[in-house]
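A.B. asks: Dumping the structure here so I can ask a few things about it.
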Amino acid sequence: METLGERFQRETKYSRKGRPPATRVLSHPEEFKAYPQAPRFPLPPPGEEPGPGIWQVMGARRSVRDFSPQAITLGALARLLWSVGGVREKRWGFLFRIVPSAGALYPVETYVMVNRVEGLDRGLYHLHVPTFSLELVKEGDHSRTLVRAALGQEMVATCGVAFIWTAVIDRCRVKYGERAFRYIYLDAGHVGQNLYLAATSLGLGCCTIGAFFDDEVNQVLGVDGLEEAVLYLGVVGIPA
Ligand SMILES: Cc1cc2nc3c(=O)[nH]c(=O)nc-3n(C[C@H](O)[C@H](O)[C@H](O)COP(=O)(O)O)c2cc1C
């Protein structure tokens, strides 16, 4: 009997006989998500800083799960955010980003749960891409809820900052139908690797997380899990 995964692979295949049929689209989402009522905190743009070269960074990257209680700097957080959601250039009226994305549709949204960052209160923030600023979605300490949602992985609370990536599914599905799910997961992989490399380059530790209770993470963020759903997490802090 064909499994769900095998059926997904088959039904989303491009083949010489045809492409996957167009599917139900729930909405025509905006190019960027925004929280217009939320307080907004502009981030310092990344400057030209000397650092290790790309080959050294790739060779040094590893998953780090133990963190010191020391806060990371706002400058470091800004660089990390730029590595996952920064804009590279404006071309043909579109904002092209640091990370690649199928069809330049950028379905991945970035949220951060700030535990310990100098100059930024604890809380849950959303990255507003066009202004490179953080929008405060929920004040306060949500680390215990997120640890529980991440199957009890304590590094979610001991890190300086936890990244949470969601996808606005129809941003990609309007073009690619159900094949969009493949591209969304691939996009998320690029984002996660950039976080690893940026953290390594800054001398910080990073670990990405795929093990979580989806509904619980969606609930923390206040997203419905259908039009917008959690994809992936990543934690960063000063290595212990
Ligand atoms: C998609 C994905 C999901 C992962 N989920 C978790 C996780 O939930 N918890 C964890 O401790 N590590 C997680 N990791 C990290 C892997 O365990 C780690 O990359 C692997 O053991 C190789 O070690 P390295 O990253 O140090 O090279 C995940 C990595 C990836 C790419």
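Ordering of the structure tokens sets the chain letters (A, B, ...), residue numbers begin anew at 1 in every chain, and ligands are numbered from 1 in the order given.
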Using only C-alpha atoms and all ligand atoms, which protein or nucleic acid residues are at most 12 Å from ligand 1, as a count of residues only?
C.D. replies: 46
A.B. asks: Please list as a ChimeraX atom specification every residue within 9 Å of range 93-108 of chain A, counting only C-alpha atoms and excluding residues in the same chain fewer than 3 positions away.
C.D. replies: /A:31-32,82-90,130,165-172,175,180,183-184,186-188,190-191,194,231
A.B. asks: At a cut-off of 12 Å, using only C-alpha atoms, what residues contact Phe8 in chain A? Leave out same-chain residues fewer than 4 positions from it and give the result as a count of residues only.
C.D. replies: 11
A.B. asks: Could I get the residues of range 25-129 of chain A with an atom no further than 12 Å from an atom of range 217-221 of chain A, each paired with its nearest atom pair and that distance in Å to one decimal, using only C-alpha atoms, sorted by chain and residue number, as CSV?
C.D. replies:
```
residue,atom,partner,partner_atom,distance
A:Glu109,CA,A:Leu221,CA,11.4
A:Thr110,CA,A:Leu221,CA,10.8
A:Tyr111,CA,A:Leu221,CA,8.3
A:Val112,CA,A:Leu221,CA,10.0
A:Met113,CA,A:Leu221,CA,9.8
A:Gly123,CA,A:Leu221,CA,11.1
A:Leu124,CA,A:Leu221,CA,7.9
A:Tyr125,CA,A:Leu221,CA,9.3
A:His126,CA,A:Leu221,CA,9.4
```
A.B. asks: Show which residues sit within 9 Å of Pro69 in chain A, as a PyMOL selection string. Count only C-alpha atoms, and ignore same-chain residues fewer than 4 positions away.
C.D. replies: chain A and resi 116+158-160+237-238+240
A.B. asks: Give me a file of those residues, with C-alpha atoms, as a PDB file, in the first residue's frame.
C.D. replies:
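Output below, filename out_3.pdb:
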```pdb
ATOM      1  CA  ARG A 116      18.463  37.406  26.544  1.00  0.00           C
ATOM      2  CA  THR A 158      18.555  28.704  27.828  1.00  0.00           C
ATOM      3  CA  CYS A 159      19.413  30.261  24.436  1.00  0.00           C
ATOM      4  CA  GLY A 160      19.680  34.017  23.898  1.00  0.00           C
ATOM      5  CA  GLY A 237      23.284  31.775  22.185  1.00  0.00           C
ATOM      6  CA  ILE A 238      26.751  32.184  23.617  1.00  0.00           C
ATOM      7  CA  ALA A 240      28.643  27.479  27.502  1.00  0.00           C
TER       8      ALA A 240
END
```
A.B. asks: Quick one, how far is CA of Asp214 in chain A from CA of Val117 in chain A?
C.D. replies: 25.9 Å
A.B. asks: Can you check which residues of range 23-163 of chain A DSSP gives as helix (DSSP H, G or I) on the backbone and send them as a ChimeraX atom specification?
C.D. replies: /A:54-60,74-85,102-104,143-149,155-158
A.B. asks: Take the residues from that selection and put them in a file with C-alpha atoms, as a JSON list (two decimals), in the first residue's frame.
C.D. replies:
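The result, stored in result-v7.json:
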```json
[["chain", "number", "residue", "atom", "x", "y", "z"],
["A", 54, "ILE", "CA", 33.39, 31.20, 4.28],
["A", 55, "TRP", "CA", 35.40, 27.93, 4.13],
["A", 56, "GLN", "CA", 36.48, 28.24, 7.73],
["A", 57, "VAL", "CA", 32.88, 28.98, 8.81],
["A", 58, "MET", "CA", 31.48, 26.00, 6.87],
["A", 59, "GLY", "CA", 34.10, 23.73, 8.37],
["A", 60, "ALA", "CA", 33.44, 24.96, 11.93],
["A", 74, "LEU", "CA", 21.52, 43.58, 19.49],
["A", 75, "GLY", "CA", 24.10, 43.94, 16.70],
["A", 76, "ALA", "CA", 24.56, 40.16, 16.64],
["A", 77, "LEU", "CA", 20.79, 39.60, 16.57],
["A", 78, "ALA", "CA", 20.52, 42.04, 13.66],
["A", 79, "ARG", "CA", 23.17, 40.13, 11.70],
["A", 80, "LEU", "CA", 21.43, 36.83, 12.39],
["A", 81, "LEU", "CA", 18.11, 38.28, 11.24],
["A", 82, "TRP", "CA", 19.72, 39.72, 8.14],
["A", 83, "SER", "CA", 21.16, 36.30, 7.29],
["A", 84, "VAL", "CA", 17.67, 34.73, 7.29],
["A", 85, "GLY", "CA", 15.41, 37.58, 6.16],
["A", 102, "ALA", "CA", 11.55, 29.16, -5.37],
["A", 103, "GLY", "CA", 10.06, 31.73, -7.75],
["A", 104, "ALA", "CA", 11.30, 34.53, -5.43],
["A", 143, "SER", "CA", 10.05, 30.32, 27.00],
["A", 144, "ARG", "CA", 8.40, 27.62, 29.13],
["A", 145, "THR", "CA", 5.50, 27.31, 26.69],
["A", 146, "LEU", "CA", 7.91, 27.01, 23.80],
["A", 147, "VAL", "CA", 10.09, 24.45, 25.62],
["A", 148, "ARG", "CA", 6.98, 22.30, 26.18],
["A", 149, "ALA", "CA", 5.97, 22.77, 22.54],
["A", 155, "MET", "CA", 17.86, 24.85, 24.90],
["A", 156, "VAL", "CA", 14.77, 26.81, 23.79],
["A", 157, "ALA", "CA", 14.80, 28.53, 27.23],
["A", 158, "THR", "CA", 18.56, 28.70, 27.83]]
```
A.B. asks: List as a PyMOL selection string the protein and nucleic acid residues near Ala38 in chain A, meaning an atom at most 9 Å away when only C-alpha atoms are counted, but skip any in the same chain fewer than 5 places from it.
C.D. replies: chain A and resi 135-137
